[in-house]
Amino acid sequence: MALSREQIAMRVAQEFKDGDYVNLGIGIPTLAANYVPKDIEVMLQSENGLLGMGAYPHEDEVDADMINAGKETVTASKGASIFSSAESFAMIRGGHVDFTVLGAFEVDVNGSIASWMIPGKLIKGMGGAMDLVAGAKNIIVTMTHADKRGNSKLLSACTLPLTGVNCITRIITDLAVLEVKDKAFYLRERAPGVSIEEIEEKTAGKLVVEGDIPEMTI
Amino acid sequence: MALSREQIAMRVAQEFKDGDYVNLGIGIPTLAANYVPKDIEVMLQSENGLLGMGAYPHEDEVDADMINAGKETVTASKGASIFSSAESFAMIRGGHVDFTVLGAFEVDVNGSIASWMIPGKLIKGMGGAMDLVAGAKNIIVTMTHADKRGNSKLLSACTLPLTGVNCITRIITDLAVLEVKDKAFYLRERAPGVSIEEIEEKTAGKLVVEGDIPEMTI
Amino acid sequence: MAGFNKVVSSYEEAMAGLQNNMTVIAGGFGLCGIPEGLIAQIKKMGTNGLTVVSNNCGVDGFGLGILLEDKQIKKMISSYVGENALFEQQLLNGELEVELTPQGTLAEKMRAGGAGIPAFFTATGYGTPVGEGKESRNFNGRDYIMEEAITADFAIVKAWKADKFGNCIYRHTAMNFNPMAATAGKITVLEVEEIVDVGELEPSQIHTPGIYIDRVIQGNFEKRIERLVTSKGA
Amino acid sequence: MAGFNKVVSSYEEAMAGLQNNMTVIAGGFGLCGIPEGLIAQIKKMGTNGLTVVSNNCGVDGFGLGILLEDKQIKKMISSYVGENALFEQQLLNGELEVELTPQGTLAEKMRAGGAGIPAFFTATGYGTPVGEGKESRNFNGRDYIMEEAITADFAIVKAWKADKFGNCIYRHTAMNFNPMAATAGKITVLEVEEIVDVGELEPSQIHTPGIYIDRVIQGNFEKRIERLVTSKGA
């Protein structure tokens, strides 16, 4: 069965290694912070200038001067550092952030991603997404495998305006974990109870299935 | 009579305006700090990362972690700020320092300056001089008008490797104050008792003498 | 002798010289760390045709959003806009122009403007609409685009504490774009919560040295919260 | 689980992985703010063929100067050298290569290296020997040259206080090149005067966030003074 948002977030959290600096986009990526394995530590970077993002504040801790990149009130964890936007993106652009997790409208077999603009709809802007996909060492895209009408989001070539080119190597959807390389999606894991046939059917870009494809353990 | 080093420094200090941020090179420029008029305030920038350089320390104030760009022990004045070398040169390169005063081997009618390298002698490096001449809003060169053998240092074209091109607008020597424009040195003031003829004789580049040339008041 | 005393006593004085069709860089991220009183003064002055460079354009009725009410803004250079219905309406009507710029590129363009760097290369935006019409170049096997610096006639900046020299520190994540904005204005105006005595700020802990600051004014801040989220329980 | 604990207990561990012919960026200005113990460890290791990027090369017998004694340095990238007779001798003998770089350009090249900016334009050095062979370009009526970023296999950095995460602050003008050096190493090693508890450093006052730091070691510093100048009298 397709994973829930929380289950996708759980699977994402399994990717983290002890000592990783991680930037989590809005939505499912942010949920991953709740499922970091107990035996490792990761530190969250928020691109408005906070390394060591903590939990949401209790009511008596709320401070208008302490927000995250989603403009939500937040706290700083012990050992956090705070700095300017230029420093924050020096960190991101310079490849010092180990992991970025973000959502997308489309990803293609070249590792290109479209996530910020749908022509004909109002354009709100890319925020830090273009910098993040250009800068992080490892990028994970989380999204549903297909849209609500069943159209695949894993394409031969993105149709929407791009956020970045040749930068995505790993995708975690409600149906599967896939690696992007050699102009194809390599199926690595499938959601419990989801068949390879269903994944093939919902993947428009070239899909490679090699050997046994294990089910994810959530 | 030709000015002494101290007198050149006194004349330099007359150029400063209240509220100027000033970077002073090693030698005569540094002496100018002693002659800032009593009715104005200037703040000294030292390019190793100190804005608000104070006096040399008393013996019991000496701190190895507090030095100036000449690597001398120094103090910070009240209201000083300390920052990285990148920030310091952002300040310089970005045109935020009002005045730079530095020495030179040669200056020419194009406002180009040679101050860091004499071929055949050991090359020690340009330090921050190239950044300073490229960045400051106003640059004053202080030097003797001619070298020890009587050869002019104010030339049609510099012969030594350059520190910067088209950047010098004002020169204060032991004989005169000159402005550099329209491919000529414009004589503005002469040292007390120094004749225009002597200045003409010791200026190899084109010299323009317009109207009365007052004597400097030191 | 004024020396380095940059404190002004009125908002009129703080924003004196601002004229129609000028470019203004504003610090802040969303509603966090914005120079509230300086924005209000621009509204009061009615200056229009402005190009405003800021990561966002506030919300309806607060922050830079209030400058939309009388159509004072001609063009926004931002990374993320549209928290705000009036913005959307003016954009669709063609009354407002937007130049979307990636957040990190925007921060770096401001820093470059203040630091005398006219242009730099970044991988951000290569191969996307942001890279269209810009020079691209390969360094060490990777493709980059050239981005040019941004400077402005005025920079309006918000800090926590400043001395009269303009030396200042920012509080928590209200720092954001303010340090770069401060360096990139021909005239930089700083609005602060508190003016402290010269010497009170530790020299090596000053975020923005006073050399970048032309005017300092003490303000009163509402500090509206855009998205209040709290943890429940202990 | 090591988490973010970057503290190592020996200099061997601190400089593990340094090999012949690598590039090393070192913080410091003259003898001020130099990682004394890390430099001594490089001497002890006898690693040679090194390219060293640092504003200066120390003096005879102290600072980076000690790496000249056994000819460990192949090339220096600096703005000012020659406080030091051994340096001069090796330079004249052709045993040592020097790439002179203006001080501000050197600082910016390190920052760019750490910030993922492969190249930038600066007016510094245009029309001089520094600009020879480099691309030049006119922006808004002024000529600039293109300078490329510097990165290194190792960066060795000196700070005052750090926590085990590598968050650190510098003391007075011992900051200098250290913050940029810290960002530009594939492996960055930080030698500090004092290791403090996590949480002791105020987040917004941290000069270099721990994300740039790979290893932290507590050192003992001689802090030799290069030019002692004092004021007489009261």
# chains A, B, ... in the order shown; residues from 1 in each chain; ligands from 1
>>> interface_residues(of="chain C", to="chain B", cutoff="6 Å", atoms="only C-alpha atoms", output="count of residues only")
10
>>> interface_residues(of="chain D", to="chain C", cutoff="9 Å", atoms="only C-alpha atoms", output="PyMOL selection string")
chain D and resi 116-123+139-140+144+146+169-173+175+203-207
>>> select_by_dssp(residues="range 21-114 of chain C", states="helix (DSSP H, G or I)", output="ChimeraX atom specification")
/C:36-45,63-67,85-92,103-114
>>> residues_around(residues="Phe221 in chain C", least_positions_apart="5", cutoff="9 Å", atoms="only C-alpha atoms", output="PyMOL selection string")
chain C and resi 35-37+192-193
>>> residues_around(residues="Asn20 in chain D", least_positions_apart="5", cutoff="12 Å", atoms="only C-alpha atoms", output="number ranges by chain")
D: 42, 45-52, 71-74, 153-154
>>> residues_around(residues="Ile66 in chain C", least_positions_apart="2", cutoff="12 Å", atoms="only C-alpha atoms", output="short mmCIF file (atom, residue, chain, number, x, y, z; two decimals) with C-alpha atoms, in the first residue's frame")
data_model
loop_
_atom_site.label_atom_id
_atom_site.label_comp_id
_atom_site.auth_asym_id
_atom_site.auth_seq_id
_atom_site.Cartn_x
_atom_site.Cartn_y
_atom_site.Cartn_z
CA GLU C 36 9.15 48.92 10.69
CA GLY C 37 9.39 52.66 11.31
CA LEU C 38 11.46 53.37 8.20
CA ILE C 39 8.94 51.52 6.04
CA ALA C 40 6.12 53.52 7.67
CA GLN C 41 8.04 56.72 6.92
CA ILE C 42 8.34 55.79 3.22
CA LYS C 43 4.58 55.26 3.18
CA LYS C 44 4.07 58.63 4.83
CA GLY C 46 4.39 58.88 -0.55
CA CYS C 57 7.30 41.94 0.33
CA GLY C 58 5.65 41.65 3.74
CA VAL C 59 1.96 40.81 4.09
CA ASP C 60 -1.26 42.73 3.53
CA GLY C 61 -1.17 45.67 5.90
CA PHE C 62 2.25 45.05 7.44
CA GLY C 63 5.90 45.28 6.48
CA LEU C 64 6.70 46.26 2.92
CA LEU C 68 1.64 48.52 -2.12
CA GLU C 69 -1.48 50.26 -0.82
CA ASP C 70 -0.66 53.52 -2.60
CA LYS C 71 1.25 51.78 -5.40
CA GLN C 72 4.60 53.17 -4.32
CA ILE C 73 6.52 50.13 -5.56
CA ASN C 84 -0.22 39.02 0.13
CA ALA C 85 -3.36 39.56 -1.96
CA LEU C 86 -2.64 43.15 -2.96
CA PHE C 87 0.70 42.07 -4.36
#
>>> select_by_dssp(residues="range 84-178 of chain D", states="strand (DSSP E or B)", output="count of residues only")
32
>>> atom_distance(atom1="CA of Gly166 in chain D", atom2="CA of Glu47 in chain B")
26.8 Å
>>> decode(residues="range 136-151 of chain A", atoms="all heavy atoms", output="PDB file, in the first residue's frame")
ATOM      1  N   ALA A 136      23.842  21.343  -2.037  1.00  0.00           N
ATOM      2  CA  ALA A 136      23.991  20.264  -1.052  1.00  0.00           C
ATOM      3  C   ALA A 136      24.712  19.068  -1.657  1.00  0.00           C
ATOM      4  O   ALA A 136      24.648  18.818  -2.858  1.00  0.00           O
ATOM      5  CB  ALA A 136      22.630  19.849  -0.519  1.00  0.00           C
ATOM      6  N   LYS A 137      25.412  18.340  -0.795  1.00  0.00           N
ATOM      7  CA  LYS A 137      26.157  17.162  -1.264  1.00  0.00           C
ATOM      8  C   LYS A 137      25.200  16.065  -1.699  1.00  0.00           C
ATOM      9  O   LYS A 137      25.436  15.371  -2.676  1.00  0.00           O
ATOM     10  CB  LYS A 137      27.041  16.640  -0.127  1.00  0.00           C
ATOM     11  CG  LYS A 137      28.261  17.492   0.130  1.00  0.00           C
ATOM     12  CD  LYS A 137      29.093  16.866   1.248  1.00  0.00           C
ATOM     13  CE  LYS A 137      29.695  17.945   2.123  1.00  0.00           C
ATOM     14  NZ  LYS A 137      30.053  17.451   3.460  1.00  0.00           N
ATOM     15  N   ASN A 138      24.130  15.872  -0.931  1.00  0.00           N
ATOM     16  CA  ASN A 138      23.148  14.836  -1.237  1.00  0.00           C
ATOM     17  C   ASN A 138      21.768  15.447  -1.187  1.00  0.00           C
ATOM     18  O   ASN A 138      21.443  16.145  -0.234  1.00  0.00           O
ATOM     19  CB  ASN A 138      23.208  13.722  -0.193  1.00  0.00           C
ATOM     20  CG  ASN A 138      24.527  13.005  -0.214  1.00  0.00           C
ATOM     21  OD1 ASN A 138      24.837  12.284  -1.152  1.00  0.00           O
ATOM     22  ND2 ASN A 138      25.329  13.233   0.818  1.00  0.00           N
ATOM     23  N   ILE A 139      21.008  15.173  -2.199  1.00  0.00           N
ATOM     24  CA  ILE A 139      19.661  15.714  -2.246  1.00  0.00           C
ATOM     25  C   ILE A 139      18.678  14.568  -2.345  1.00  0.00           C
ATOM     26  O   ILE A 139      18.865  13.655  -3.160  1.00  0.00           O
ATOM     27  CB  ILE A 139      19.479  16.656  -3.456  1.00  0.00           C
ATOM     28  CG1 ILE A 139      20.516  17.776  -3.392  1.00  0.00           C
ATOM     29  CG2 ILE A 139      18.071  17.221  -3.488  1.00  0.00           C
ATOM     30  CD1 ILE A 139      20.611  18.568  -4.669  1.00  0.00           C
ATOM     31  N   ILE A 140      17.666  14.608  -1.517  1.00  0.00           N
ATOM     32  CA  ILE A 140      16.594  13.623  -1.599  1.00  0.00           C
ATOM     33  C   ILE A 140      15.312  14.352  -1.944  1.00  0.00           C
ATOM     34  O   ILE A 140      14.951  15.336  -1.297  1.00  0.00           O
ATOM     35  CB  ILE A 140      16.401  12.879  -0.270  1.00  0.00           C
ATOM     36  CG1 ILE A 140      17.683  12.125   0.080  1.00  0.00           C
ATOM     37  CG2 ILE A 140      15.219  11.925  -0.356  1.00  0.00           C
ATOM     38  CD1 ILE A 140      17.595  11.425   1.417  1.00  0.00           C
ATOM     39  N   VAL A 141      14.644  13.871  -2.972  1.00  0.00           N
ATOM     40  CA  VAL A 141      13.339  14.423  -3.313  1.00  0.00           C
ATOM     41  C   VAL A 141      12.273  13.512  -2.724  1.00  0.00           C
ATOM     42  O   VAL A 141      12.346  12.291  -2.861  1.00  0.00           O
ATOM     43  CB  VAL A 141      13.173  14.533  -4.837  1.00  0.00           C
ATOM     44  CG1 VAL A 141      11.721  14.796  -5.199  1.00  0.00           C
ATOM     45  CG2 VAL A 141      14.063  15.635  -5.377  1.00  0.00           C
ATOM     46  N   THR A 142      11.326  14.127  -2.034  1.00  0.00           N
ATOM     47  CA  THR A 142      10.158  13.368  -1.546  1.00  0.00           C
ATOM     48  C   THR A 142       8.918  13.891  -2.241  1.00  0.00           C
ATOM     49  O   THR A 142       8.725  15.103  -2.351  1.00  0.00           O
ATOM     50  CB  THR A 142       9.943  13.545  -0.030  1.00  0.00           C
ATOM     51  OG1 THR A 142       9.664  14.913   0.238  1.00  0.00           O
ATOM     52  CG2 THR A 142      11.161  13.118   0.750  1.00  0.00           C
ATOM     53  N   MET A 143       8.113  12.957  -2.728  1.00  0.00           N
ATOM     54  CA  MET A 143       6.858  13.382  -3.365  1.00  0.00           C
ATOM     55  C   MET A 143       6.000  12.142  -3.563  1.00  0.00           C
ATOM     56  O   MET A 143       6.468  11.016  -3.381  1.00  0.00           O
ATOM     57  CB  MET A 143       7.147  14.065  -4.713  1.00  0.00           C
ATOM     58  CG  MET A 143       7.938  13.224  -5.681  1.00  0.00           C
ATOM     59  SD  MET A 143       8.302  14.112  -7.220  1.00  0.00           S
ATOM     60  CE  MET A 143       8.941  12.754  -8.204  1.00  0.00           C
ATOM     61  N   THR A 144       4.747  12.361  -3.939  1.00  0.00           N
ATOM     62  CA  THR A 144       3.954  11.213  -4.354  1.00  0.00           C
ATOM     63  C   THR A 144       4.430  10.795  -5.737  1.00  0.00           C
ATOM     64  O   THR A 144       4.922  11.628  -6.512  1.00  0.00           O
ATOM     65  CB  THR A 144       2.455  11.566  -4.404  1.00  0.00           C
ATOM     66  OG1 THR A 144       2.294  12.689  -5.274  1.00  0.00           O
ATOM     67  CG2 THR A 144       1.933  11.902  -3.013  1.00  0.00           C
ATOM     68  N   HIS A 145       4.330   9.502  -6.006  1.00  0.00           N
ATOM     69  CA  HIS A 145       4.858   8.970  -7.263  1.00  0.00           C
ATOM     70  C   HIS A 145       4.095   9.518  -8.474  1.00  0.00           C
ATOM     71  O   HIS A 145       4.674   9.781  -9.527  1.00  0.00           O
ATOM     72  CB  HIS A 145       4.757   7.433  -7.236  1.00  0.00           C
ATOM     73  CG  HIS A 145       5.865   6.758  -7.964  1.00  0.00           C
ATOM     74  ND1 HIS A 145       7.011   6.292  -7.350  1.00  0.00           N
ATOM     75  CD2 HIS A 145       6.023   6.463  -9.278  1.00  0.00           C
ATOM     76  CE1 HIS A 145       7.808   5.732  -8.244  1.00  0.00           C
ATOM     77  NE2 HIS A 145       7.225   5.829  -9.432  1.00  0.00           N
ATOM     78  N   ALA A 146       2.804   9.731  -8.259  1.00  0.00           N
ATOM     79  CA  ALA A 146       1.946  10.262  -9.336  1.00  0.00           C
ATOM     80  C   ALA A 146       1.044  11.335  -8.747  1.00  0.00           C
ATOM     81  O   ALA A 146       0.850  11.408  -7.536  1.00  0.00           O
ATOM     82  CB  ALA A 146       1.115   9.143  -9.947  1.00  0.00           C
ATOM     83  N   ASP A 147       0.519  12.189  -9.615  1.00  0.00           N
ATOM     84  CA  ASP A 147      -0.366  13.233  -9.101  1.00  0.00           C
ATOM     85  C   ASP A 147      -1.770  12.664  -8.885  1.00  0.00           C
ATOM     86  O   ASP A 147      -2.011  11.462  -9.093  1.00  0.00           O
ATOM     87  CB  ASP A 147      -0.363  14.468 -10.007  1.00  0.00           C
ATOM     88  CG  ASP A 147      -1.012  14.198 -11.364  1.00  0.00           C
ATOM     89  OD1 ASP A 147      -1.728  13.182 -11.510  1.00  0.00           O
ATOM     90  OD2 ASP A 147      -0.782  15.000 -12.292  1.00  0.00           O
ATOM     91  N   LYS A 148      -2.702  13.507  -8.484  1.00  0.00           N
ATOM     92  CA  LYS A 148      -4.016  13.012  -8.109  1.00  0.00           C
ATOM     93  C   LYS A 148      -4.776  12.369  -9.257  1.00  0.00           C
ATOM     94  O   LYS A 148      -5.656  11.542  -9.061  1.00  0.00           O
ATOM     95  CB  LYS A 148      -4.856  14.158  -7.506  1.00  0.00           C
ATOM     96  CG  LYS A 148      -4.407  14.482  -6.090  1.00  0.00           C
ATOM     97  CD  LYS A 148      -5.032  15.762  -5.572  1.00  0.00           C
ATOM     98  CE  LYS A 148      -4.401  16.160  -4.240  1.00  0.00           C
ATOM     99  NZ  LYS A 148      -4.753  17.517  -3.836  1.00  0.00           N
ATOM    100  N   ARG A 149      -4.410  12.764 -10.492  1.00  0.00           N
ATOM    101  CA  ARG A 149      -5.069  12.159 -11.645  1.00  0.00           C
ATOM    102  C   ARG A 149      -4.308  10.939 -12.168  1.00  0.00           C
ATOM    103  O   ARG A 149      -4.589  10.416 -13.225  1.00  0.00           O
ATOM    104  CB  ARG A 149      -5.241  13.198 -12.742  1.00  0.00           C
ATOM    105  CG  ARG A 149      -6.341  14.201 -12.423  1.00  0.00           C
ATOM    106  CD  ARG A 149      -6.355  15.356 -13.388  1.00  0.00           C
ATOM    107  NE  ARG A 149      -5.076  16.059 -13.340  1.00  0.00           N
ATOM    108  CZ  ARG A 149      -4.811  17.168 -14.025  1.00  0.00           C
ATOM    109  NH1 ARG A 149      -5.701  17.683 -14.835  1.00  0.00           N
ATOM    110  NH2 ARG A 149      -3.628  17.750 -13.909  1.00  0.00           N
ATOM    111  N   GLY A 150      -3.267  10.541 -11.391  1.00  0.00           N
ATOM    112  CA  GLY A 150      -2.525   9.342 -11.774  1.00  0.00           C
ATOM    113  C   GLY A 150      -1.377   9.590 -12.719  1.00  0.00           C
ATOM    114  O   GLY A 150      -0.711   8.654 -13.163  1.00  0.00           O
ATOM    115  N   ASN A 151      -1.105  10.865 -13.049  1.00  0.00           N
ATOM    116  CA  ASN A 151       0.008  11.146 -13.952  1.00  0.00           C
ATOM    117  C   ASN A 151       1.337  11.046 -13.213  1.00  0.00           C
ATOM    118  O   ASN A 151       1.511  11.621 -12.153  1.00  0.00           O
ATOM    119  CB  ASN A 151      -0.108  12.557 -14.535  1.00  0.00           C
ATOM    120  CG  ASN A 151      -1.370  12.706 -15.358  1.00  0.00           C
ATOM    121  OD1 ASN A 151      -1.693  11.843 -16.189  1.00  0.00           O
ATOM    122  ND2 ASN A 151      -2.109  13.792 -15.105  1.00  0.00           N
TER     123      ASN A 151
END
